[in-house]
Amino acid sequence: MAITADTLRHAATRARDAAALAQDDLNAADGRLGDGDTGVMLRRLFEAVATAIPAHENDLGIVFQACARACASGTGSSLGTLVTVAMMTLAKATRGRSEIGWDELGGLLASIRDQMMARGGAKLGDKTVVDMIDAVASALAHCATRDEATVAAQKAAQDALDAFRARPNKLGRARMFGERTIGLDDPGMLAFSRLLAAVAA
Amino acid sequence: MAITADTLRHAATRARDAAALAQDDLNAADGRLGDGDTGVMLRRLFEAVATAIPAHENDLGIVFQACARACASGTGSSLGTLVTVAMMTLAKATRGRSEIGWDELGGLLASIRDQMMARGGAKLGDKTVVDMIDAVASALAHCATRDEATVAAQKAAQDALDAFRARPNKLGRARMFGERTIGLDDPGMLAFSRLLAAVAA
Amino acid sequence: MKKLMNAADAFVDEMLDGLVAAHPTLVREARVVRAAHAPKPGKVGIVSGGGSGHLPLFTGYVGPGLLDACAIGDVFAGPSVDSCIQAIKAGDGGRGVLRLYGNYGGDRMNFDLAGEMVEMNGIRTTTVLGTDDIASATPDEAAKRRGVAGIIYAYKIAGAKADAGADLTEVTATAQAAVDACRTIGVALSPCQIPGAAKPTFEIGADEIEMGMGIHGEPGIWRDKLRSADDVADEMVRRLLADPITDKSERVSVLVNSLGATPLEELFIVYRRVAALLRKDGRTIVRPLVGHYVTSMEMAGLSISIIHLDAERERLLAAPCACPFWRV
Amino acid sequence: MKKLMNAADAFVDEMLDGLVAAHPTLVREARVVRAAHAPKPGKVGIVSGGGSGHLPLFTGYVGPGLLDACAIGDVFAGPSVDSCIQAIKAGDGGRGVLRLYGNYGGDRMNFDLAGEMVEMNGIRTTTVLGTDDIASATPDEAAKRRGVAGIIYAYKIAGAKADAGADLTEVTATAQAAVDACRTIGVALSPCQIPGAAKPTFEIGADEIEMGMGIHGEPGIWRDKLRSADDVADEMVRRLLADPITDKSERVSVLVNSLGATPLEELFIVYRRVAALLRKDGRTIVRPLVGHYVTSMEMAGLSISIIHLDAERERLLAAPCACPFWRV
Ligand SMILES: Nc1ncnc2c1ncn2[C@@H]1O[C@H](COP(=O)(O)OP(=O)(O)O)[C@@H](O)[C@H]1O
Ligand SMILES: Nc1ncnc2c1ncn2[C@@H]1O[C@H](COP(=O)(O)OP(=O)(O)O)[C@@H](O)[C@H]1O
Ligand SMILES: [Mg+2]
Ligand SMILES: [Mg+2]
Ligand SMILES: [Mg+2]
Ligand SMILES: [Mg+2]
């Protein structure tokens, strides 16, 4: 079974609920090396997305476009804007299509990663959400089914989280805490892994 | 022996030392119902007076005038200005004289009291330094010697302090604390009694 | 309470040095700050003064269309008699001087003494006392009320009147009318500390506010748990409007003033409500002021002042003036 | 930390309501504040934006000779892409728009995205980033530095240049040169709290200061016991003067800025020292600014900015401008 607008609607609801649940953990993670708002931002953002997603639209591009619009008006945080960028990338890539295959997901994530890097100036290894998207994109490259993708993506996300924990943040607000960020999860990566787990479940 | 310029010079030194010693107690008393500055103001004021008093002048009026000038430029607090008023009153009353008798002291204090009331608008019974000056002036009315005056003045001051403690302050900042001032010493009265004890000793 | 300062005894003098260094329109002479243009021959002088620790009050309001000179004391202590004398002389352009300052016992004695002394020099003076703080005494004892933020309206209005060439009697009457038409109430959230003092001017719980507290921490009307900005504004405006005023008018000006640490964001949240309440009361706000106008160093809290405007006061409020902190 | 506010979620919108109610020269449209006169046909537009909680920054600097419009976000969070688009459109008088804002990752992404989108509407835009905070990165990584209080000099100078009829390229170059000539460093004494947050943005001991801390509590250079105002000012000025600048000049302007709770008294004590140090360094101070210009709500602390002035910048700094918080 391919990914359709219904898959997205379902995922949006789960993401909204997961963001609400994860709010405090994400705020706390961001509070240790940023301004402590990742959680509240993400909750508000996915509430807006879940509300904005059209109920009877089959064109994936139009669905993603609606999500992008909700994000663009709903937040000004770094991570929120990167989510906007992701939605816009997906909207462009899926315009006119009513389904995409699970085997296309890795490629889409790779373009999201590239767009995010172009927009935000992060490099691989800076310990941002981009590093996790990169890892998940690679892991999905050879997955053809939902089940394969689910397992591979979650494992890749967890591995990235574990691998980067021991490294310092090199970007944005967190950069200024330098060595003190070693041992801490990057809030953006943590957020992505939580949402992934919720959507995959 | 009458009161001469030397008496004043001696008294000024004692007053300066007593004010320094009393600073914290007076600040604390004022802190309970005012702005907590009676002590520091009085210390600074009597430092200025002790410095300003001329060393070789016999005219009491000129000596008091010098004290008044030091006060006028040295402080802007209520009590400080009342001290200025007292010094000016004494300067006017003793101009051209090199000594005054102990039996004149009560009358001089009475004019100080009147001047202070005219300037500051306090009424007798408001629980201010004026009430103590009034009590001491009356007590001195019939004293002809230093020894008599010393005993009578100190007793009158202590009695006034004790009598007014149970009454509320009715003037200035302290007035606004109303009934809460009952049981507390008025800082101006406390200051006067401390200085009196030092000068009399 | 942390302060960026040097020796406590140098606090006021170093502050004044910085003030006049930053603002060359102000000239400092010991504990007096006068306008570079003062005294202005043929103009009635306006002189104020009081304790330090309330910037922009008092010295910050020296300038054309406002004050000619200011006598300034230690933090929260009045200016000395000598400073008052000196300020009056600095403000005298030959047509007399209005002494316009807040109703505090010490300041009054000093300015009165100073007034008598300069009279010997042939300087005519009058007095108008700021008595706008409605929390400091009941209406029937209105003369006992202390002066707080509302005095800046009297500065502005009397200053414009003097600039227009009015004589001392007229300027004095205009200033008095401005004071009579103005009411202020404050609310405090946290205290300040006098430089060198061992502890803050008062204590207040981490979740408490005090309605009506004075700018030196004088006790207010009630102390209770913190309430919403709208609730607090509602009570303050209600009390201000309920206070008897002879000359109420449809047109008013409003000052929402930070006592120090309370930021502009909160002032605007409160102003928004004050404006709505006054509109509902049928009033029009003219030239509102929102900001740090009369403070108590780092004290948190704010005050609201309302002044009723007749045609003349409204015109005088709109007249040009220039000081480092208020320009029309 | 006590705040006079209503619901935390309403903080920004109520604040904006109050701001425009008090200042009719400002017009609010959702999360954008524009000048009543904007867009001005034939003038290059200047647009800024950022998170709330820094008043008078950003929205307070909208007015003739300064900004045409501002996009504003939640407290300490950037404006949304939509608000950025809307602000750029509001500022566009047909000759293009300069996006002039502080160097923060989120803001940059949003303004960049917005810029690309308005390009489809035929609006030309350029970008200049405030990067004045020398404590936020070393000189060789100067492009990573965040923008703090010094940005208001760029507003003023670019605003005057645009007013004079310069084109987008010229206005952009002038703004960039102003940023390049300006350096800021801050010191923090106590934190602030985001409305609705459970705790303050950072913790600091009752007797400690942190040198170089950012306006959102970003970590600084060192944290230590409180020192005297002169010692603190000495170090700040030394660091500012030591930082490499291509175009140093004898004439400079200085901004001594309160982060919120620090009162004017302390600012002037510090300014007095800063002025003496600069004089000793052979420099002349032009049009100094001392006050609350860029704050972090109730945070205690201050920042010092120094901008080197060539003849053009000095002239532009002196050109007329008018906003609720700065008038020339
Ligand atoms: N320029 C960037 N490129 C990639 N990821 C970024 C960038 N900036 C921030 N992030 C991600 O966003 C997370 C922080 O998100 P959030 O708290 O919403 O942003 P803000 O720093 O604006 O408060 C970081 O942990 C990081 O993973
Ligand atoms: N108007 C007045 N008349 C008489 N005594 C006064 C008056 N005002 C103040 N005092 C006396 O001064 C004392 C307070 O002095 P001080 O703390 O120096 O003044 P301030 O209130 O200006 O801080 C009071 O306790 C009272 O005895
Ligand atoms: Mg964050
Ligand atoms: Mg006192
Ligand atoms: Mg006092
Ligand atoms: Mg943020």
# chains A, B, ... in the order shown; residues from 1 in each chain; ligands from 1
>>> residues_around(residues="range 154-165 of chain C", least_positions_apart="4", cutoff="6 Å", atoms="only C-alpha atoms", output="list of chain:residue names")
C:Val44, C:Gly65, C:Leu66, C:Val171, C:Ala175, C:Ala178, C:Leu316, C:Leu317
>>> residues_around(residues="Thr4 in chain A", least_positions_apart="3", cutoff="7 Å", atoms="only C-alpha atoms", output="compact mmCIF listing (two decimals) with C-alpha atoms, in the first residue's frame")
# COMPACT_ATOMS: atom_id res chain seq x y z
CA THR A 7 -1.98 8.38 5.36
CA LEU A 8 -1.05 12.03 5.86
CA SER A 98 -2.32 11.15 -5.23
CA GLU A 99 0.10 8.56 -3.97
CA ILE A 100 3.78 7.92 -3.48
>>> residues_near_ligand(ligand="ligand 2", cutoff="6 Å", atoms="only C-alpha atoms and all ligand atoms", output="PDB file with all heavy atoms, in the first residue's frame")
ATOM      1  N   ASP B  30      14.061  54.126  62.495  1.00  0.00           N
ATOM      2  CA  ASP B  30      13.429  54.797  61.368  1.00  0.00           C
ATOM      3  C   ASP B  30      12.979  53.780  60.311  1.00  0.00           C
ATOM      4  O   ASP B  30      11.977  53.987  59.631  1.00  0.00           O
ATOM      5  CB  ASP B  30      14.404  55.809  60.750  1.00  0.00           C
ATOM      6  CG  ASP B  30      13.737  56.776  59.781  1.00  0.00           C
ATOM      7  OD1 ASP B  30      12.565  57.145  60.017  1.00  0.00           O
ATOM      8  OD2 ASP B  30      14.372  57.143  58.773  1.00  0.00           O
ATOM      9  N   ASP B  35      12.017  55.826  56.445  1.00  0.00           N
ATOM     10  CA  ASP B  35      12.860  55.331  55.368  1.00  0.00           C
ATOM     11  C   ASP B  35      14.232  54.878  55.848  1.00  0.00           C
ATOM     12  O   ASP B  35      15.124  54.632  55.045  1.00  0.00           O
ATOM     13  CB  ASP B  35      12.981  56.382  54.262  1.00  0.00           C
ATOM     14  CG  ASP B  35      13.425  57.723  54.828  1.00  0.00           C
ATOM     15  OD1 ASP B  35      13.626  57.813  56.041  1.00  0.00           O
ATOM     16  OD2 ASP B  35      13.566  58.662  54.034  1.00  0.00           O
ATOM     17  N   ASP B  37      16.738  56.215  57.462  1.00  0.00           N
ATOM     18  CA  ASP B  37      17.953  56.985  57.244  1.00  0.00           C
ATOM     19  C   ASP B  37      18.282  57.961  58.366  1.00  0.00           C
ATOM     20  O   ASP B  37      19.227  58.728  58.258  1.00  0.00           O
ATOM     21  CB  ASP B  37      17.862  57.743  55.910  1.00  0.00           C
ATOM     22  CG  ASP B  37      16.696  58.742  55.910  1.00  0.00           C
ATOM     23  OD1 ASP B  37      15.947  58.795  56.894  1.00  0.00           O
ATOM     24  OD2 ASP B  37      16.548  59.455  54.907  1.00  0.00           O
ATOM     25  N   THR B  38      17.518  57.960  59.451  1.00  0.00           N
ATOM     26  CA  THR B  38      17.768  58.933  60.520  1.00  0.00           C
ATOM     27  C   THR B  38      19.215  58.847  61.016  1.00  0.00           C
ATOM     28  O   THR B  38      19.878  59.882  61.202  1.00  0.00           O
ATOM     29  CB  THR B  38      16.803  58.699  61.699  1.00  0.00           C
ATOM     30  OG1 THR B  38      15.471  58.656  61.208  1.00  0.00           O
ATOM     31  CG2 THR B  38      16.908  59.813  62.716  1.00  0.00           C
ATOM     32  N   SER B  77      17.179  66.098  54.985  1.00  0.00           N
ATOM     33  CA  SER B  77      16.157  65.280  55.655  1.00  0.00           C
ATOM     34  C   SER B  77      15.327  66.154  56.592  1.00  0.00           C
ATOM     35  O   SER B  77      15.724  67.253  56.962  1.00  0.00           O
ATOM     36  CB  SER B  77      16.807  64.148  56.442  1.00  0.00           C
ATOM     37  OG  SER B  77      16.966  64.532  57.781  1.00  0.00           O
ATOM     38  N   SER B  78      14.168  65.642  56.981  1.00  0.00           N
ATOM     39  CA  SER B  78      13.284  66.425  57.848  1.00  0.00           C
ATOM     40  C   SER B  78      13.991  66.788  59.140  1.00  0.00           C
ATOM     41  O   SER B  78      14.031  67.955  59.544  1.00  0.00           O
ATOM     42  CB  SER B  78      12.033  65.625  58.205  1.00  0.00           C
ATOM     43  OG  SER B  78      11.531  64.973  57.088  1.00  0.00           O
ATOM     44  N   LEU B  79      14.533  65.781  59.798  1.00  0.00           N
ATOM     45  CA  LEU B  79      15.153  66.041  61.088  1.00  0.00           C
ATOM     46  C   LEU B  79      16.362  66.954  60.926  1.00  0.00           C
ATOM     47  O   LEU B  79      16.592  67.861  61.734  1.00  0.00           O
ATOM     48  CB  LEU B  79      15.567  64.703  61.729  1.00  0.00           C
ATOM     49  CG  LEU B  79      16.024  64.773  63.171  1.00  0.00           C
ATOM     50  CD1 LEU B  79      14.948  65.379  64.068  1.00  0.00           C
ATOM     51  CD2 LEU B  79      16.397  63.374  63.671  1.00  0.00           C
ATOM     52  N   GLY B  80      17.111  66.724  59.863  1.00  0.00           N
ATOM     53  CA  GLY B  80      18.279  67.555  59.597  1.00  0.00           C
ATOM     54  C   GLY B  80      17.881  69.014  59.451  1.00  0.00           C
ATOM     55  O   GLY B  80      18.556  69.914  59.964  1.00  0.00           O
ATOM     56  N   GLY B 120       7.738  73.141  60.490  1.00  0.00           N
ATOM     57  CA  GLY B 120       7.416  71.769  60.087  1.00  0.00           C
ATOM     58  C   GLY B 120       5.944  71.434  60.210  1.00  0.00           C
ATOM     59  O   GLY B 120       5.514  70.378  59.753  1.00  0.00           O
ATOM     60  N   GLY B 121       5.179  72.308  60.853  1.00  0.00           N
ATOM     61  CA  GLY B 121       3.742  72.061  60.933  1.00  0.00           C
ATOM     62  C   GLY B 121       3.348  70.993  61.939  1.00  0.00           C
ATOM     63  O   GLY B 121       2.186  70.583  61.974  1.00  0.00           O
ATOM     64  N   ALA B 122       4.286  70.534  62.756  1.00  0.00           N
ATOM     65  CA  ALA B 122       3.916  69.518  63.751  1.00  0.00           C
ATOM     66  C   ALA B 122       3.108  70.176  64.870  1.00  0.00           C
ATOM     67  O   ALA B 122       3.310  71.348  65.190  1.00  0.00           O
ATOM     68  CB  ALA B 122       5.176  68.873  64.329  1.00  0.00           C
ATOM     69  N   THR B 128       6.678  63.603  67.718  1.00  0.00           N
ATOM     70  CA  THR B 128       7.892  63.948  66.964  1.00  0.00           C
ATOM     71  C   THR B 128       8.915  64.481  67.949  1.00  0.00           C
ATOM     72  O   THR B 128       8.630  64.653  69.147  1.00  0.00           O
ATOM     73  CB  THR B 128       7.645  65.056  65.918  1.00  0.00           C
ATOM     74  OG1 THR B 128       7.418  66.288  66.620  1.00  0.00           O
ATOM     75  CG2 THR B 128       6.428  64.744  65.054  1.00  0.00           C
ATOM     76  N   VAL B 129      10.063  64.800  67.418  1.00  0.00           N
ATOM     77  CA  VAL B 129      11.118  65.366  68.236  1.00  0.00           C
ATOM     78  C   VAL B 129      10.625  66.624  68.974  1.00  0.00           C
ATOM     79  O   VAL B 129      11.106  66.951  70.068  1.00  0.00           O
ATOM     80  CB  VAL B 129      12.355  65.666  67.348  1.00  0.00           C
ATOM     81  CG1 VAL B 129      12.058  66.798  66.365  1.00  0.00           C
ATOM     82  CG2 VAL B 129      13.587  65.961  68.169  1.00  0.00           C
ATOM     83  N   VAL B 130       9.635  67.289  68.396  1.00  0.00           N
ATOM     84  CA  VAL B 130       9.099  68.510  69.000  1.00  0.00           C
ATOM     85  C   VAL B 130       8.495  68.223  70.379  1.00  0.00           C
ATOM     86  O   VAL B 130       8.648  69.013  71.315  1.00  0.00           O
ATOM     87  CB  VAL B 130       8.057  69.154  68.060  1.00  0.00           C
ATOM     88  CG1 VAL B 130       7.253  70.216  68.796  1.00  0.00           C
ATOM     89  CG2 VAL B 130       8.734  69.738  66.832  1.00  0.00           C
ATOM     90  N   GLY B 172       4.069  63.016  58.929  1.00  0.00           N
ATOM     91  CA  GLY B 172       5.054  62.586  57.926  1.00  0.00           C
ATOM     92  C   GLY B 172       4.868  61.141  57.501  1.00  0.00           C
ATOM     93  O   GLY B 172       3.773  60.597  57.525  1.00  0.00           O
ATOM     94  N   ASP B 186       9.723  56.994  68.419  1.00  0.00           N
ATOM     95  CA  ASP B 186       9.907  57.898  67.276  1.00  0.00           C
ATOM     96  C   ASP B 186      11.405  58.117  67.080  1.00  0.00           C
ATOM     97  O   ASP B 186      12.124  58.450  68.034  1.00  0.00           O
ATOM     98  CB  ASP B 186       9.219  59.236  67.556  1.00  0.00           C
ATOM     99  CG  ASP B 186       9.552  60.242  66.474  1.00  0.00           C
ATOM    100  OD1 ASP B 186       9.123  60.010  65.327  1.00  0.00           O
ATOM    101  OD2 ASP B 186      10.267  61.224  66.768  1.00  0.00           O
ATOM    102  N   PRO B 187      11.902  57.925  65.881  1.00  0.00           N
ATOM    103  CA  PRO B 187      13.360  58.028  65.675  1.00  0.00           C
ATOM    104  C   PRO B 187      13.920  59.407  66.006  1.00  0.00           C
ATOM    105  O   PRO B 187      15.049  59.505  66.509  1.00  0.00           O
ATOM    106  CB  PRO B 187      13.537  57.696  64.186  1.00  0.00           C
ATOM    107  CG  PRO B 187      12.173  57.606  63.586  1.00  0.00           C
ATOM    108  CD  PRO B 187      11.189  57.456  64.692  1.00  0.00           C
ATOM    109  N   GLY B 188      13.162  60.444  65.753  1.00  0.00           N
ATOM    110  CA  GLY B 188      13.637  61.788  66.081  1.00  0.00           C
ATOM    111  C   GLY B 188      13.773  61.974  67.579  1.00  0.00           C
ATOM    112  O   GLY B 188      14.749  62.562  68.067  1.00  0.00           O
ATOM    113  N   MET B 189      12.797  61.469  68.339  1.00  0.00           N
ATOM    114  CA  MET B 189      12.883  61.557  69.798  1.00  0.00           C
ATOM    115  C   MET B 189      14.051  60.725  70.308  1.00  0.00           C
ATOM    116  O   MET B 189      14.812  61.152  71.180  1.00  0.00           O
ATOM    117  CB  MET B 189      11.573  61.074  70.421  1.00  0.00           C
ATOM    118  CG  MET B 189      10.389  61.997  70.123  1.00  0.00           C
ATOM    119  SD  MET B 189       8.797  61.375  70.728  1.00  0.00           S
ATOM    120  CE  MET B 189       8.976  61.626  72.477  1.00  0.00           C
TER     121      MET B 189
ATOM    122  N   GLY C 105       7.438  66.299  53.835  1.00  0.00           N
ATOM    123  CA  GLY C 105       7.723  67.219  54.930  1.00  0.00           C
ATOM    124  C   GLY C 105       9.086  67.879  54.837  1.00  0.00           C
ATOM    125  O   GLY C 105       9.203  69.109  54.932  1.00  0.00           O
ATOM    126  N   GLY C 106      10.119  67.066  54.650  1.00  0.00           N
ATOM    127  CA  GLY C 106      11.472  67.601  54.632  1.00  0.00           C
ATOM    128  C   GLY C 106      11.665  68.580  53.487  1.00  0.00           C
ATOM    129  O   GLY C 106      12.212  69.676  53.664  1.00  0.00           O
TER     130      GLY C 106
END
>>> residues_near_ligand(ligand="ligand 6", cutoff="12 Å", atoms="only C-alpha atoms and all ligand atoms", output="PyMOL selection string")
(chain A and resi 27+30-31+33-42+75-81+172-174+187-188) or (chain D and resi 50-52+73-80+104-107+194+201+216-218)
>>> write_last_selection(atoms="C-alpha atoms", output="tab-separated table (two decimals), in the first residue's frame")
chain	number	residue	atom	x	y	z
A	27	ASN	CA	11.16	22.14	26.48
A	30	ASP	CA	15.96	22.86	24.86
A	31	GLY	CA	16.16	24.56	28.24
A	33	LEU	CA	21.19	24.52	25.80
A	34	GLY	CA	18.72	26.83	24.14
A	35	ASP	CA	15.74	28.91	25.12
A	36	GLY	CA	13.49	26.10	26.30
A	37	ASP	CA	10.73	26.55	23.76
A	38	THR	CA	11.08	23.61	21.37
A	39	GLY	CA	8.20	21.74	22.99
A	40	VAL	CA	5.64	24.50	23.18
A	41	MET	CA	6.50	25.58	19.63
A	42	LEU	CA	6.11	22.06	18.26
A	75	THR	CA	5.76	29.93	14.00
A	76	GLY	CA	9.01	31.79	13.79
A	77	SER	CA	11.29	29.40	15.63
A	78	SER	CA	14.24	27.78	13.90
A	79	LEU	CA	12.86	24.29	14.03
A	80	GLY	CA	9.39	25.49	13.06
A	81	THR	CA	10.77	27.16	9.98
A	172	GLY	CA	22.81	28.36	16.77
A	173	ARG	CA	22.18	29.11	20.40
A	174	ALA	CA	23.44	25.69	21.53
A	187	PRO	CA	16.19	19.06	21.09
A	188	GLY	CA	15.49	19.07	17.35
D	50	GLY	CA	12.42	39.57	15.74
D	51	GLY	CA	11.02	38.19	18.95
D	52	SER	CA	8.94	40.14	21.43
D	73	GLY	CA	7.12	37.10	17.04
D	74	ASP	CA	6.24	35.64	20.39
D	75	VAL	CA	8.46	36.51	23.33
D	76	PHE	CA	12.05	35.63	22.36
D	77	ALA	CA	10.81	33.71	19.26
D	78	GLY	CA	11.21	34.96	15.71
D	79	PRO	CA	8.34	36.30	13.61
D	80	SER	CA	6.63	33.80	11.32
D	104	TYR	CA	19.67	34.76	14.82
D	105	GLY	CA	19.24	31.47	12.94
D	106	GLY	CA	15.47	31.32	12.99
D	107	ASP	CA	14.98	34.95	12.03
D	194	ILE	CA	9.21	34.34	29.48
D	201	THR	CA	15.72	32.19	31.52
D	216	HIS	CA	18.05	35.96	25.85
D	217	GLY	CA	20.42	34.69	28.49
D	218	GLU	CA	22.93	33.17	26.07
>>> select_by_dssp(residues="range 48-134 of chain D", states="strand (DSSP E or B)", output="PyMOL selection string")
chain D and resi 48-52+62+67+69-75+97-102+125-130+133
>>> write_last_selection(atoms="N, CA, C and O atoms", output="CSV table (one decimal), in the first residue's frame")
chain,number,residue,atom,x,y,z
D,48,SER,N,12.3,45.5,9.8
D,48,SER,CA,13.1,44.7,10.7
D,48,SER,C,12.1,43.7,11.4
D,48,SER,O,10.9,43.6,11.0
D,49,GLY,N,12.6,43.0,12.4
D,49,GLY,CA,11.7,42.1,13.1
D,49,GLY,C,12.5,41.2,14.0
D,49,GLY,O,13.7,41.2,14.0
D,50,GLY,N,11.8,40.5,14.8
D,50,GLY,CA,12.4,39.6,15.7
D,50,GLY,C,11.4,39.2,16.8
D,50,GLY,O,10.2,39.3,16.6
D,51,GLY,N,11.9,38.6,17.9
D,51,GLY,CA,11.0,38.2,18.9
D,51,GLY,C,10.5,39.3,19.8
D,51,GLY,O,11.1,40.4,19.8
D,52,SER,N,9.4,39.1,20.5
D,52,SER,CA,8.9,40.1,21.4
D,52,SER,C,9.8,40.1,22.7
D,52,SER,O,10.6,39.2,22.9
D,62,VAL,N,9.7,52.0,14.7
D,62,VAL,CA,8.9,52.3,13.5
D,62,VAL,C,8.6,53.7,13.4
D,62,VAL,O,7.9,54.2,14.4
D,67,LEU,N,12.4,52.8,10.9
D,67,LEU,CA,11.9,51.6,10.2
D,67,LEU,C,10.5,52.0,9.6
D,67,LEU,O,9.7,52.7,10.1
D,69,ALA,N,8.5,49.2,8.7
D,69,ALA,CA,7.6,48.1,9.3
D,69,ALA,C,8.4,47.1,10.0
D,69,ALA,O,9.6,47.0,9.8
D,70,CYS,N,7.7,46.3,10.8
D,70,CYS,CA,8.4,45.4,11.7
D,70,CYS,C,7.5,44.1,11.8
D,70,CYS,O,6.3,44.2,12.0
D,71,ALA,N,8.2,43.0,11.7
D,71,ALA,CA,7.5,41.7,11.9
D,71,ALA,C,7.8,41.3,13.3
D,71,ALA,O,9.0,41.3,13.7
D,72,ILE,N,6.8,40.8,14.1
D,72,ILE,CA,7.2,40.6,15.5
D,72,ILE,C,6.6,39.2,15.9
D,72,ILE,O,5.6,38.8,15.6
D,73,GLY,N,7.5,38.5,16.6
D,73,GLY,CA,7.1,37.1,17.0
D,73,GLY,C,6.7,37.0,18.5
D,73,GLY,O,6.5,38.1,19.1
D,74,ASP,N,6.5,35.8,19.0
D,74,ASP,CA,6.2,35.6,20.4
D,74,ASP,C,7.5,36.1,21.2
D,74,ASP,O,8.5,36.4,20.6
D,75,VAL,N,7.3,36.1,22.5
D,75,VAL,CA,8.5,36.5,23.3
D,75,VAL,C,9.7,35.6,23.0
D,75,VAL,O,9.6,34.4,23.2
D,97,VAL,N,13.3,46.9,-0.7
D,97,VAL,CA,13.2,46.8,0.8
D,97,VAL,C,14.5,46.2,1.4
D,97,VAL,O,14.9,45.2,0.9
D,98,LEU,N,15.0,46.9,2.3
D,98,LEU,CA,16.2,46.4,3.1
D,98,LEU,C,15.6,45.6,4.3
D,98,LEU,O,14.9,46.2,5.1
D,99,ARG,N,16.0,44.3,4.4
D,99,ARG,CA,15.7,43.6,5.6
D,99,ARG,C,16.9,43.8,6.6
D,99,ARG,O,17.9,43.3,6.3
D,100,LEU,N,16.6,44.4,7.7
D,100,LEU,CA,17.7,44.8,8.6
D,100,LEU,C,17.3,44.3,10.0
D,100,LEU,O,16.4,44.8,10.7
D,101,TYR,N,18.0,43.2,10.4
D,101,TYR,CA,17.5,42.5,11.7
D,101,TYR,C,18.7,41.8,12.3
D,101,TYR,O,19.8,41.7,11.7
D,102,GLY,N,18.5,41.3,13.5
D,102,GLY,CA,19.6,40.6,14.2
D,102,GLY,C,19.9,39.2,13.7
D,102,GLY,O,19.1,38.5,13.2
D,125,THR,N,14.6,42.8,-2.6
D,125,THR,CA,15.0,42.9,-1.2
D,125,THR,C,16.5,42.7,-1.0
D,125,THR,O,17.1,42.0,-1.8
D,126,THR,N,17.1,43.3,0.0
D,126,THR,CA,18.4,43.0,0.4
D,126,THR,C,18.4,42.7,1.9
D,126,THR,O,17.4,42.9,2.6
D,127,THR,N,19.5,42.2,2.4
D,127,THR,CA,19.6,41.8,3.8
D,127,THR,C,20.9,42.4,4.4
D,127,THR,O,22.0,42.4,3.9
D,128,VAL,N,20.7,43.0,5.6
D,128,VAL,CA,21.9,43.4,6.5
D,128,VAL,C,21.6,42.8,7.9
D,128,VAL,O,20.5,43.0,8.4
D,129,LEU,N,22.5,42.1,8.4
D,129,LEU,CA,22.3,41.5,9.7
D,129,LEU,C,23.1,42.2,10.8
D,129,LEU,O,24.2,42.5,10.6
D,130,GLY,N,22.4,42.5,11.9
D,130,GLY,CA,23.1,43.0,13.1
D,130,GLY,C,23.9,42.0,13.7
D,130,GLY,O,23.5,40.8,13.9
D,133,ASP,N,27.4,42.0,18.7
D,133,ASP,CA,27.7,41.4,20.0
D,133,ASP,C,29.1,40.7,20.0
D,133,ASP,O,29.2,39.6,19.7
